[in-house]
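Working notes, structure below.
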Amino acid sequence: MKIPQPANEPVLTYAPGSPERSAIKSRLRELQATRIELPLVIDGREVRTGWFEEAIEPHDHRRVLALAHLADAAQMQQAIDAARRAAHDWSRRSWQERAAIFLKAADLAAGPWRATLNAATMLGQSKTIYQAEIDSAAELVDFFRFNVEFMLRLQAEQPISSPGVWNQVDYRPLEGFVYAVTPFNFTTCRARLR
């Protein structure tokens, strides 16, 4: 299997009259017109706790974009347990399967989900379209694509072996559970750590 050579995702200009400008304006109107609920997702299931925190536009505190369900200690433990179970299965997938998932995510972020990612970043973090484009679209796509390339390089860069000896590095996934509080204003960082 030959993985495509990654290249930096082009940054769109959003020039007047361009398709991307029309798409972002449309998506901004849609997201501003709808207050959504953000459930917890535990083991692939949506969990609605009824305990909310409002997600507001930082540049317009009167506008509530979403109601985010909050977790208690029991739900956090359920999420940790689910992540541990998923890690077991994920670590046994071939590198080709894992790479395919990240490359598919990159294609979705670069294509049909680009306007949604950018509009949500603009509203939720008060970024301009250019700031959102380089953060939530282009950089996220680059992270997904280039990290597949870096995985291949790590696998290929094995230590030098002496005659009669075979030195080899075996890369293993993280063991345990990682809990991260990510920066609120950097969409790409939040997506990478989840």
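Ligands are numbered from 1 in the order shown, residues from 1 within each chain, and chains are lettered A, B, ... in the order they appear in the structure tokens.
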
Considering only C-alpha atoms, give me a table of residues in stretch 54-111 of chain A that are at most 12 Å from stretch 7-27 of chain A, with the closest atom pair and distance in Å for each, as CSV.
residue,atom,partner,partner_atom,distance
A:Ala106,CA,A:Glu9,CA,9.7
A:Asp107,CA,A:Glu9,CA,10.4
A:Ala109,CA,A:Glu9,CA,10.5
A:Ala110,CA,A:Glu9,CA,7.8
A:Gly111,CA,A:Glu20,CA,10.7

Keeping N, CA and C atoms for every residue in the selection just given, could you write it to a file as a short mmCIF file (atom, residue, chain, number, x, y, z; two decimals), in the first residue's frame?
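And here's selection_31.cif as it stands now:
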data_model
loop_
_atom_site.label_atom_id
_atom_site.label_comp_id
_atom_site.auth_asym_id
_atom_site.auth_seq_id
_atom_site.Cartn_x
_atom_site.Cartn_y
_atom_site.Cartn_z
N ALA A 106 -8.98 13.60 7.15
CA ALA A 106 -8.37 14.76 6.48
C ALA A 106 -9.19 15.15 5.25
N ASP A 107 -9.61 14.16 4.47
CA ASP A 107 -10.40 14.46 3.28
C ASP A 107 -11.74 15.11 3.64
N ALA A 109 -12.38 16.91 6.41
CA ALA A 109 -12.11 18.26 6.92
C ALA A 109 -11.74 19.21 5.79
N ALA A 110 -11.06 18.71 4.77
CA ALA A 110 -10.67 19.55 3.64
C ALA A 110 -11.84 19.78 2.69
N GLY A 111 -12.82 18.89 2.72
CA GLY A 111 -13.93 18.97 1.76
C GLY A 111 -15.25 19.36 2.40
#

- [ ] Please give the complete set of residues from stretch 5-164 of chain A that DSSP, run on the backbone, assigns to helix (DSSP H, G or I), formatted as a PyMOL selection string.
- [x] chain A and resi 19-33+73-91+95-110+114-125+129-156

- [ ] Can you list, as a ChimeraX atom specification, all residues belonging to stretch 5-190 of chain A that DSSP tags as strand (DSSP E)?
- [x] /A:36-38,40-42,45-47,52-57,60-69

Keeping C-alpha atoms, export the residues of the selection given above as a compact mmCIF listing (two decimals), in the first residue's frame.
# COMPACT_ATOMS: atom_id res chain seq x y z
CA ILE A 36 -27.74 23.14 19.57
CA GLU A 37 -27.17 20.71 22.41
CA LEU A 38 -23.72 19.21 22.78
CA LEU A 40 -21.37 13.82 26.02
CA VAL A 41 -20.29 10.95 23.78
CA ILE A 42 -19.36 7.92 25.85
CA ARG A 45 -23.46 6.81 22.64
CA GLU A 46 -24.83 10.31 23.18
CA VAL A 47 -25.41 11.07 26.87
CA PHE A 52 -25.53 22.41 31.14
CA GLU A 53 -23.01 25.08 30.48
CA GLU A 54 -23.78 27.69 27.85
CA ALA A 55 -21.39 28.06 24.94
CA ILE A 56 -21.57 31.72 23.97
CA GLU A 57 -20.02 33.79 21.23
CA ASP A 60 -21.45 38.71 21.50
CA HIS A 61 -22.21 37.47 25.02
CA ARG A 62 -25.95 37.69 24.38
CA ARG A 63 -25.81 34.93 21.76
CA VAL A 64 -25.86 31.37 23.10
CA LEU A 65 -24.61 28.98 20.43
CA ALA A 66 -25.06 25.74 22.32
CA LEU A 67 -25.88 24.06 25.59
CA ALA A 68 -23.03 21.73 26.50
CA HIS A 69 -23.91 18.79 28.75

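Among the candidates A:Asp43, A:Gln125, A:Pro4, A:Glu133, the one nearest to A:Asp81 when counting only C-alpha atoms is A:Asp43.
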
TODO: Pick out the residues sitting within 8 Å of A:Leu123, and hand them over as a count of residues only; count only C-alpha atoms, and ignore anything fewer than 5 positions along from it in its own chain.
DONE: 4

Task: Residues near A:Ser136, cut-off 12 Å, only C-alpha atoms, skip fewer than 6 positions along chain, as a ChimeraX atom specification - done: /A:9,11,106,109-110,113-122,124-125,127-130,142-144,185-192

Please, could you write that set of residues out with C-alpha atoms as a tab-separated table (two decimals), in the first residue's frame?
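Result written to out-v4.tsv:
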chain	number	residue	atom	x	y	z
A	9	GLU	CA	-3.37	22.03	2.57
A	11	VAL	CA	-5.35	28.08	2.39
A	106	ALA	CA	-8.37	14.76	6.48
A	109	ALA	CA	-12.11	18.26	6.92
A	110	ALA	CA	-10.67	19.55	3.64
A	113	TRP	CA	-16.84	19.69	6.61
A	114	ARG	CA	-14.53	22.65	5.92
A	115	ALA	CA	-17.21	25.35	6.08
A	116	THR	CA	-18.70	23.86	9.26
A	117	LEU	CA	-15.30	23.67	11.00
A	118	ASN	CA	-14.48	27.23	10.02
A	119	ALA	CA	-17.89	28.68	10.88
A	120	ALA	CA	-17.92	26.97	14.29
A	121	THR	CA	-14.42	28.29	14.98
A	122	MET	CA	-15.38	31.82	13.93
A	124	GLY	CA	-17.06	29.90	19.12
A	125	GLN	CA	-13.65	31.55	19.28
A	127	LYS	CA	-11.75	34.28	14.85
A	128	THR	CA	-11.72	35.88	11.43
A	129	ILE	CA	-12.22	33.66	8.42
A	130	TYR	CA	-8.49	33.71	7.71
A	142	ASP	CA	-2.06	18.89	7.64
A	143	PHE	CA	-1.82	17.26	11.07
A	144	PHE	CA	-3.88	14.28	9.93
A	185	ASN	CA	-9.03	29.09	21.24
A	186	PHE	CA	-7.22	26.52	19.11
A	187	THR	CA	-9.59	24.16	17.30
A	188	THR	CA	-6.85	21.99	15.83
A	189	CYS	CA	-5.30	21.26	19.22
A	190	ARG	CA	-8.67	20.24	20.61
A	191	ALA	CA	-9.34	17.91	17.69
A	192	ARG	CA	-5.95	16.22	17.93

Task: stretch 167-173 of chain A environment, 6 Å, only C-alpha atoms, sequence neighbours closer than 5 positions dropped, as a PyMOL selection string - done: chain A and resi 158-159+161

Task: Among listed residues A:Val178, A:Ala137, A:Ala73, A:Ala99, nearest A:Pro112 (using only C-alpha atoms) - done: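 Closest to A:Pro112, using only C-alpha atoms: A:Ala137.
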
Task: A:Glu149 surroundings by only C-alpha atoms, 12 Å radius, close-in-sequence under 2 positions cut, as a list in words - done: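 So, after excluding close chain neighbours, the residues are Lys2, Ile3, Pro4, Gln5, Pro6, Ala7, Trp95, Gln96, Ala99, Ala100, Phe102, Leu103, Asp142, Phe143, Phe144, Arg145, Phe146, Asn147, Met151, Leu152, Arg153, Leu154, Gln155 and Ala156 of chain A.
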
Open item on the list: Using Å and a single decimal, report how far atom CA of A:Thr182 sits from atom CA of A:Gly44.
Closed with: 21.3 Å
